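K.L.:
I am attaching a structure below and will ask some questions about it afterwards.
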Number of protein chains: 2
Amino acid sequence: MSLRYALLGFLITTPLSGYQLATRFKSGGGLFWEAVPSQIYRELAALEVLGWIAPAPEGLPARNQRVYEVTSAGAAAMDAWCAEAQDYPPERDPERVRLLNMDGAPPAQIRAHLEAHRDHYADRRRFWQARCDEVDAGHYARLNARLQRYPAERHAFIIGQVRRLFAGNVRRCETEIAWAEEFIAWLDGDTSHGPAP
Amino acid sequence: MSLRYALLGFLITTPLSGYQLATRFKSGGGLFWEAVPSQIYRELAALEVLGWIAPAPEGLPARNQRVYEVTSAGAAAMDAWCAEAQDYPPERDPERVRLLNMDGAPPAQIRAHLEAHRDHYADRRRFWQARCDEVDAGHYARLNARLQRYPAERHAFIIGQVRRLFAGNVRRCETEIAWAEEFIAWLDGDTSHGPAP
DNA sequence: CTGCCCATGTAAATCGTTACATGATTAC
DNA sequence: GTAATCATGTAACGATTTACATGGGCAG
C-alpha cells in the first residue's frame, strides 16, 4: 500500500511517466522505497481507475510515453495517508537470522558476512551522503521542484526537514558500519574473547 | 524464503510444534523474524514435503500437537543457506515516505510522528535490552539449549556472538531514538531553524 | 539495418495478510 | 457449562518477484 503513496509523492512534485518513475524506484537508488517496473505500471493503472491520477494534458508526450499527474482527489488521499499514525512493519531481518544460526560456522565465515555488511552499508552511506550534499548545494532537483509549491519563507524549514530525513539514513548506515567493525575486531582479537559491549 | 530458515533455526535447537513456533514468531516478540500462524503451518507442511523436517518420534505429543524435528537433510540445507552471501532486501521505509511527503503539513503533525517513532523504538530498545540481560544472566533458554550442541570451550565465543547480535539491535534503536529527539528539538527550537547536522 | 535503449505492459509464481473454521483441553 | 486458551489449519486476497512479450526511436 505504501508504493501507491510513494508514487503519488513523486507525481505531486512533477508529472512523470511509468518509465521515469521506474528509474526513480530502481534498486539501490530509491528514496525510501524501491519497486520494479511491472509493479509500478500495475499500480499506476489502479491509481487511474481510482481517479487519483490522470494523463497529463500539457504538451505532446515525447516518444510513446504516458505521463500522469495527480488529481485533487489524489492529493487529498495523499495528505490523509501522511497524517495517519504509522504502523511499524514486522521485524524481518534475513541477515541477522543467518548470523544467529551461524554459531556452528567457522569464524572466517562469520567474518566474511560482517565484512559484506560493513561494505554494503558503506555503499549506502555514500548514497545518502550524496543526497545530503545535493540538498546542501541546492542542487537537489526533486526538492527544488517541490519547494515551488510553497511560499519562500517556508523553504528553509522544508529543506531542514528533508535534510534531517537523509541525515537519519546516513546515521543508520554509520551505526551498522561501526557495529560490524567492532564485531570484526572482536573476532580478530585474542582468544580470550572478552564480554560484549 | 527466510521464514523457512528462521523456522529451521528454532527446530534445530529444540523440536517444537507449529503453535509453539507461532508464539516465538509473533508480532513484537520475534527474534529477527516475525510471522503469523497461517504462514507457519503452510511453511511447515512445505518443509515436511521437502524432507527437511519430520514429526518427532520421542514421547507422545501432548494434547493434539504435531511436534517436528529437523532431519539431516534439513540441517545441511540450513548450513548451506547460512554460508550464502547476503543479498540485501530492497529499501522500503513507509515512515520515511510519510515524513518526506509531509512537508506541507503543520509542524505539530510532523512532531506527532516523530514522537511515535521515538516511543516505538524505545519499546523495541527495551525488548532487545531484555534479551541482552537474559544472555548476561545465563537465563536465555534458546541460547542455553543451543550451547548444548557445542563443546564447552566454544560456549564463551558463541555467547559473545549472540550477545553482539542483540546489542546491535539495541544500538539501532538508540540511533533512531536520538535522531527523533534531535529532530523534535529542532522543531521546537527557535524560528531560526539552523542547518541540519 | 542492427543493436541498444526507451517504453509499456502480461503472466505466473511466491510470499505475506486477514478472516474464518474447527475441535480439544483447562480453569472457573 | 462456559469462557479462555491450545492447536491446526483453509480460503481469499494483496503485494512482490521473475520472466517474458512487444514495439518505437536513435546511433553507429
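Order determines the names: the first chain of the C-alpha cells is A, the second B, and so forth; residues in each chain are numbered 1 upward, and ligands are numbered 1 upward as they are shown.
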What are the nearest atom pairs, with distances in Å to one decimal, for all residues of chain A that come at most 8 Å from chain B, using only C-alpha atoms, set out by chain and rising residue number as a tab-separated table?

P.N.:
residue	atom	partner	partner_atom	distance
A:Ser2	CA	B:Pro94	CA	5.9
A:Tyr5	CA	B:Val97	CA	7.9
A:Ala6	CA	B:Val97	CA	6.2
A:Gly9	CA	B:Asn101	CA	6.1
A:Ser27	CA	B:Pro90	CA	6.4
A:Gly28	CA	B:Pro90	CA	7.4
A:Gly30	CA	B:Glu91	CA	7.2
A:Leu31	CA	B:Val97	CA	7.9
A:Phe32	CA	B:Asp93	CA	5.2
A:Trp33	CA	B:Arg92	CA	4.3
A:Glu34	CA	B:Glu91	CA	5.9
A:Asp79	CA	B:Met102	CA	7.6
A:Trp81	CA	B:Arg98	CA	7.7
A:Cys82	CA	B:Arg98	CA	5.0
A:Ala83	CA	B:Gln109	CA	6.9
A:Ala85	CA	B:His113	CA	7.0
A:Gln86	CA	B:Glu95	CA	6.4
A:Tyr88	CA	B:Glu95	CA	7.9
A:Pro90	CA	B:Glu34	CA	6.1
A:Glu91	CA	B:Trp33	CA	5.5
A:Arg92	CA	B:Trp33	CA	4.4
A:Asp93	CA	B:Phe32	CA	5.2
A:Pro94	CA	B:Ser2	CA	5.9
A:Glu95	CA	B:Gln86	CA	6.4
A:Arg96	CA	B:Phe32	CA	6.2
A:Val97	CA	B:Phe32	CA	6.1
A:Arg98	CA	B:Cys82	CA	5.0
A:Leu99	CA	B:Cys82	CA	7.3
A:Leu100	CA	B:Val162	CA	6.4
A:Asn101	CA	B:Gly9	CA	6.1
A:Met102	CA	B:Cys82	CA	6.3
A:Asp103	CA	B:Ile158	CA	5.9
A:Gly104	CA	B:Tyr150	CA	7.8
A:Gln109	CA	B:Ala83	CA	6.9
A:His113	CA	B:Ala85	CA	7.0
A:Ala116	CA	B:Gln86	CA	7.8
A:Tyr150	CA	B:Gly104	CA	7.8
A:Ala156	CA	B:His193	CA	7.5
A:Phe157	CA	B:His193	CA	6.6
A:Ile158	CA	B:Asp103	CA	5.9
A:Gly160	CA	B:Ala196	CA	5.7
A:Gln161	CA	B:Asp103	CA	7.6
A:Val162	CA	B:Leu100	CA	6.4
A:Arg163	CA	B:Ala196	CA	6.2
A:Arg164	CA	B:Ala196	CA	5.9
A:Leu165	CA	B:Arg96	CA	7.1
A:Ala167	CA	B:Pro197	CA	7.3
A:Gly168	CA	B:Trp179	CA	6.4
A:Arg171	CA	B:Thr175	CA	7.3
A:Arg172	CA	B:Thr175	CA	6.8
A:Thr175	CA	B:Arg172	CA	6.8
A:Glu176	CA	B:Arg172	CA	7.8
A:Trp179	CA	B:Gly168	CA	6.4
A:Phe183	CA	B:Arg164	CA	7.2
A:His193	CA	B:Phe157	CA	6.6
A:Gly194	CA	B:Gly160	CA	7.8
A:Pro195	CA	B:Gly160	CA	6.3
A:Ala196	CA	B:Gly160	CA	5.7
A:Pro197	CA	B:Ala167	CA	7.3

K.L.:
Counting only C-alpha atoms (C1' of nucleotides), which residues in chain B sit no more than 12 Å from chain C? For each one, give the nearest pair of atoms and the distance in Å, sorted by chain then residue number, as JSON lines.

P.N.:
{"residue": "B:Met1", "atom": "CA", "partner": "C:DC15", "partner_atom": "C1'", "distance": 7.9}
{"residue": "B:Ser2", "atom": "CA", "partner": "C:DC15", "partner_atom": "C1'", "distance": 10.2}
{"residue": "B:Leu3", "atom": "CA", "partner": "C:DC15", "partner_atom": "C1'", "distance": 9.6}
{"residue": "B:Arg4", "atom": "CA", "partner": "C:DC15", "partner_atom": "C1'", "distance": 11.2}
{"residue": "B:Glu34", "atom": "CA", "partner": "C:DG16", "partner_atom": "C1'", "distance": 10.8}
{"residue": "B:Ala35", "atom": "CA", "partner": "C:DG16", "partner_atom": "C1'", "distance": 8.5}
{"residue": "B:Val36", "atom": "CA", "partner": "C:DT17", "partner_atom": "C1'", "distance": 8.6}
{"residue": "B:Pro37", "atom": "CA", "partner": "C:DT17", "partner_atom": "C1'", "distance": 11.0}
{"residue": "B:Ser38", "atom": "CA", "partner": "C:DT17", "partner_atom": "C1'", "distance": 9.4}
{"residue": "B:Gln39", "atom": "CA", "partner": "C:DG16", "partner_atom": "C1'", "distance": 7.7}
{"residue": "B:Ile40", "atom": "CA", "partner": "C:DG16", "partner_atom": "C1'", "distance": 10.9}
{"residue": "B:Arg42", "atom": "CA", "partner": "C:DC15", "partner_atom": "C1'", "distance": 11.2}
{"residue": "B:Glu43", "atom": "CA", "partner": "C:DC15", "partner_atom": "C1'", "distance": 10.5}
{"residue": "B:Ala62", "atom": "CA", "partner": "C:DT25", "partner_atom": "C1'", "distance": 10.6}
{"residue": "B:Arg63", "atom": "CA", "partner": "C:DA24", "partner_atom": "C1'", "distance": 7.4}
{"residue": "B:Asn64", "atom": "CA", "partner": "C:DA24", "partner_atom": "C1'", "distance": 7.5}
{"residue": "B:Gln65", "atom": "CA", "partner": "C:DA24", "partner_atom": "C1'", "distance": 10.6}

K.L.:
Print the selection's residues with C-alpha atoms to a file, as a CSV table (one decimal), in the first residue's frame.

P.N.:
chain,number,residue,atom,x,y,z
B,1,MET,CA,12.3,-17.7,1.8
B,2,SER,CA,13.9,-16.6,5.0
B,3,LEU,CA,10.9,-17.7,7.0
B,4,ARG,CA,11.9,-21.3,6.1
B,34,GLU,CA,8.0,-12.4,12.6
B,35,ALA,CA,5.2,-14.4,11.1
B,36,VAL,CA,1.6,-15.4,11.8
B,37,PRO,CA,0.3,-19.0,12.4
B,38,SER,CA,-1.2,-19.5,9.0
B,39,GLN,CA,2.1,-18.7,7.4
B,40,ILE,CA,4.0,-21.0,9.7
B,42,ARG,CA,1.9,-23.7,5.5
B,43,GLU,CA,5.7,-23.5,5.6
B,62,ALA,CA,0.8,-33.6,24.5
B,63,ARG,CA,-2.8,-32.6,23.6
B,64,ASN,CA,-3.0,-32.8,19.8
B,65,GLN,CA,0.3,-31.2,19.0

K.L.:
Would you write out, as JSON lines, a table of all residues in chain D that have an atom no more than 10 Å from an atom of chain B, listing for each the closest atom pair and the distance in Å to one decimal, considering only C-alpha atoms (C1' of nucleotides) and ordering rows by chain and rising residue number?

P.N.:
{"residue": "D:DC6", "atom": "C1'", "partner": "B:Tyr19", "partner_atom": "CA", "distance": 8.2}
{"residue": "D:DA7", "atom": "C1'", "partner": "B:Tyr19", "partner_atom": "CA", "distance": 6.4}
{"residue": "D:DT8", "atom": "C1'", "partner": "B:Tyr41", "partner_atom": "CA", "distance": 7.7}
{"residue": "D:DG9", "atom": "C1'", "partner": "B:Tyr41", "partner_atom": "CA", "distance": 7.3}
{"residue": "D:DT10", "atom": "C1'", "partner": "B:Ser38", "partner_atom": "CA", "distance": 9.1}

K.L.:
Filtering to N, CA, C and O atoms (P, O5', C5', C4', C3', O3' and C1' of nucleotides), could you give me those residues as a PDB file, in the first residue's frame?

P.N.:
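Result saved to again15.pdb:
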ATOM      1  P    DC D   6      -2.516 -20.491  25.519  1.00  0.00           P
ATOM      2  O5'  DC D   6      -2.818 -21.939  24.923  1.00  0.00           O
ATOM      3  C5'  DC D   6      -2.903 -23.056  25.812  1.00  0.00           C
ATOM      4  C4'  DC D   6      -3.179 -24.307  24.997  1.00  0.00           C
ATOM      5  C3'  DC D   6      -2.181 -24.567  23.862  1.00  0.00           C
ATOM      6  O3'  DC D   6      -1.832 -25.946  23.872  1.00  0.00           O
ATOM      7  C1'  DC D   6      -4.382 -24.529  22.998  1.00  0.00           C
ATOM      8  P    DA D   7      -0.590 -26.463  23.061  1.00  0.00           P
ATOM      9  O5'  DA D   7      -1.156 -26.538  21.583  1.00  0.00           O
ATOM     10  C5'  DA D   7      -1.967 -27.647  21.206  1.00  0.00           C
ATOM     11  C4'  DA D   7      -2.510 -27.465  19.809  1.00  0.00           C
ATOM     12  C3'  DA D   7      -1.567 -26.917  18.743  1.00  0.00           C
ATOM     13  O3'  DA D   7      -0.903 -28.010  18.103  1.00  0.00           O
ATOM     14  C1'  DA D   7      -3.861 -26.268  18.451  1.00  0.00           C
ATOM     15  P    DT D   8      -0.042 -27.732  16.741  1.00  0.00           P
ATOM     16  O5'  DT D   8      -1.153 -27.732  15.597  1.00  0.00           O
ATOM     17  C5'  DT D   8      -2.027 -28.841  15.475  1.00  0.00           C
ATOM     18  C4'  DT D   8      -3.001 -28.627  14.344  1.00  0.00           C
ATOM     19  C3'  DT D   8      -2.334 -28.260  13.007  1.00  0.00           C
ATOM     20  O3'  DT D   8      -2.722 -29.173  12.001  1.00  0.00           O
ATOM     21  C1'  DT D   8      -4.173 -26.860  13.463  1.00  0.00           C
ATOM     22  P    DG D   9      -1.889 -29.301  10.670  1.00  0.00           P
ATOM     23  O5'  DG D   9      -2.225 -27.896  10.021  1.00  0.00           O
ATOM     24  C5'  DG D   9      -2.871 -27.901   8.819  1.00  0.00           C
ATOM     25  C4'  DG D   9      -4.273 -27.262   8.946  1.00  0.00           C
ATOM     26  C3'  DG D   9      -4.685 -26.562   7.680  1.00  0.00           C
ATOM     27  O3'  DG D   9      -5.194 -27.519   6.769  1.00  0.00           O
ATOM     28  C1'  DG D   9      -5.476 -25.474   9.663  1.00  0.00           C
ATOM     29  P    DT D  10      -5.097 -27.237   5.190  1.00  0.00           P
ATOM     30  O5'  DT D  10      -6.619 -26.920   4.764  1.00  0.00           O
ATOM     31  C5'  DT D  10      -7.529 -26.407   5.721  1.00  0.00           C
ATOM     32  C4'  DT D  10      -8.619 -25.627   5.033  1.00  0.00           C
ATOM     33  C3'  DT D  10      -8.413 -25.296   3.559  1.00  0.00           C
ATOM     34  O3'  DT D  10      -9.699 -25.198   2.958  1.00  0.00           O
ATOM     35  C1'  DT D  10      -8.351 -23.297   4.822  1.00  0.00           C
TER      36       DT D  10
END

K.L.:
Quick check for you: according to DSSP on this backbone, which residues of chain A are classed as strand (DSSP E)? Reply as a list in words.

P.N.:
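Assigned to strand (DSSP E), within chain A: Leu16, Ser17, Ile53, Ala54, Pro55, Val67, Tyr68, Glu69 and Val70 of chain A.
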
K.L.:
Residues of the last selection are to be written out with N, CA, C and O atoms, as a compact mmCIF listing (two decimals), in the first residue's frame.

P.N.:
# COMPACT_ATOMS: atom_id res chain seq x y z
N LEU A 16 5.06 12.59 -14.30
CA LEU A 16 6.07 11.67 -14.80
C LEU A 16 5.40 10.48 -15.47
O LEU A 16 4.22 10.19 -15.22
N SER A 17 6.16 9.78 -16.30
CA SER A 17 5.68 8.54 -16.90
C SER A 17 6.07 7.35 -16.02
O SER A 17 6.88 7.49 -15.10
N ILE A 53 -4.93 9.76 -10.15
CA ILE A 53 -4.02 10.33 -11.15
C ILE A 53 -4.75 10.36 -12.49
O ILE A 53 -5.75 9.65 -12.68
N ALA A 54 -4.26 11.18 -13.42
CA ALA A 54 -4.85 11.28 -14.76
C ALA A 54 -3.74 11.61 -15.75
O ALA A 54 -2.73 12.22 -15.37
N PRO A 55 -3.90 11.21 -17.01
CA PRO A 55 -2.90 11.55 -18.02
C PRO A 55 -2.72 13.07 -18.06
O PRO A 55 -3.71 13.80 -18.09
N VAL A 67 2.34 10.12 -19.56
CA VAL A 67 2.70 10.95 -18.40
C VAL A 67 1.46 11.21 -17.56
O VAL A 67 0.41 11.58 -18.09
N TYR A 68 1.61 11.01 -16.25
CA TYR A 68 0.48 11.20 -15.34
C TYR A 68 0.70 12.39 -14.43
O TYR A 68 1.83 12.72 -14.09
N GLU A 69 -0.41 12.98 -14.01
CA GLU A 69 -0.36 13.98 -12.94
C GLU A 69 -1.39 13.60 -11.89
O GLU A 69 -2.31 12.83 -12.15
N VAL A 70 -1.24 14.17 -10.70
CA VAL A 70 -2.12 13.84 -9.58
C VAL A 70 -3.37 14.71 -9.63
O VAL A 70 -3.28 15.92 -9.88
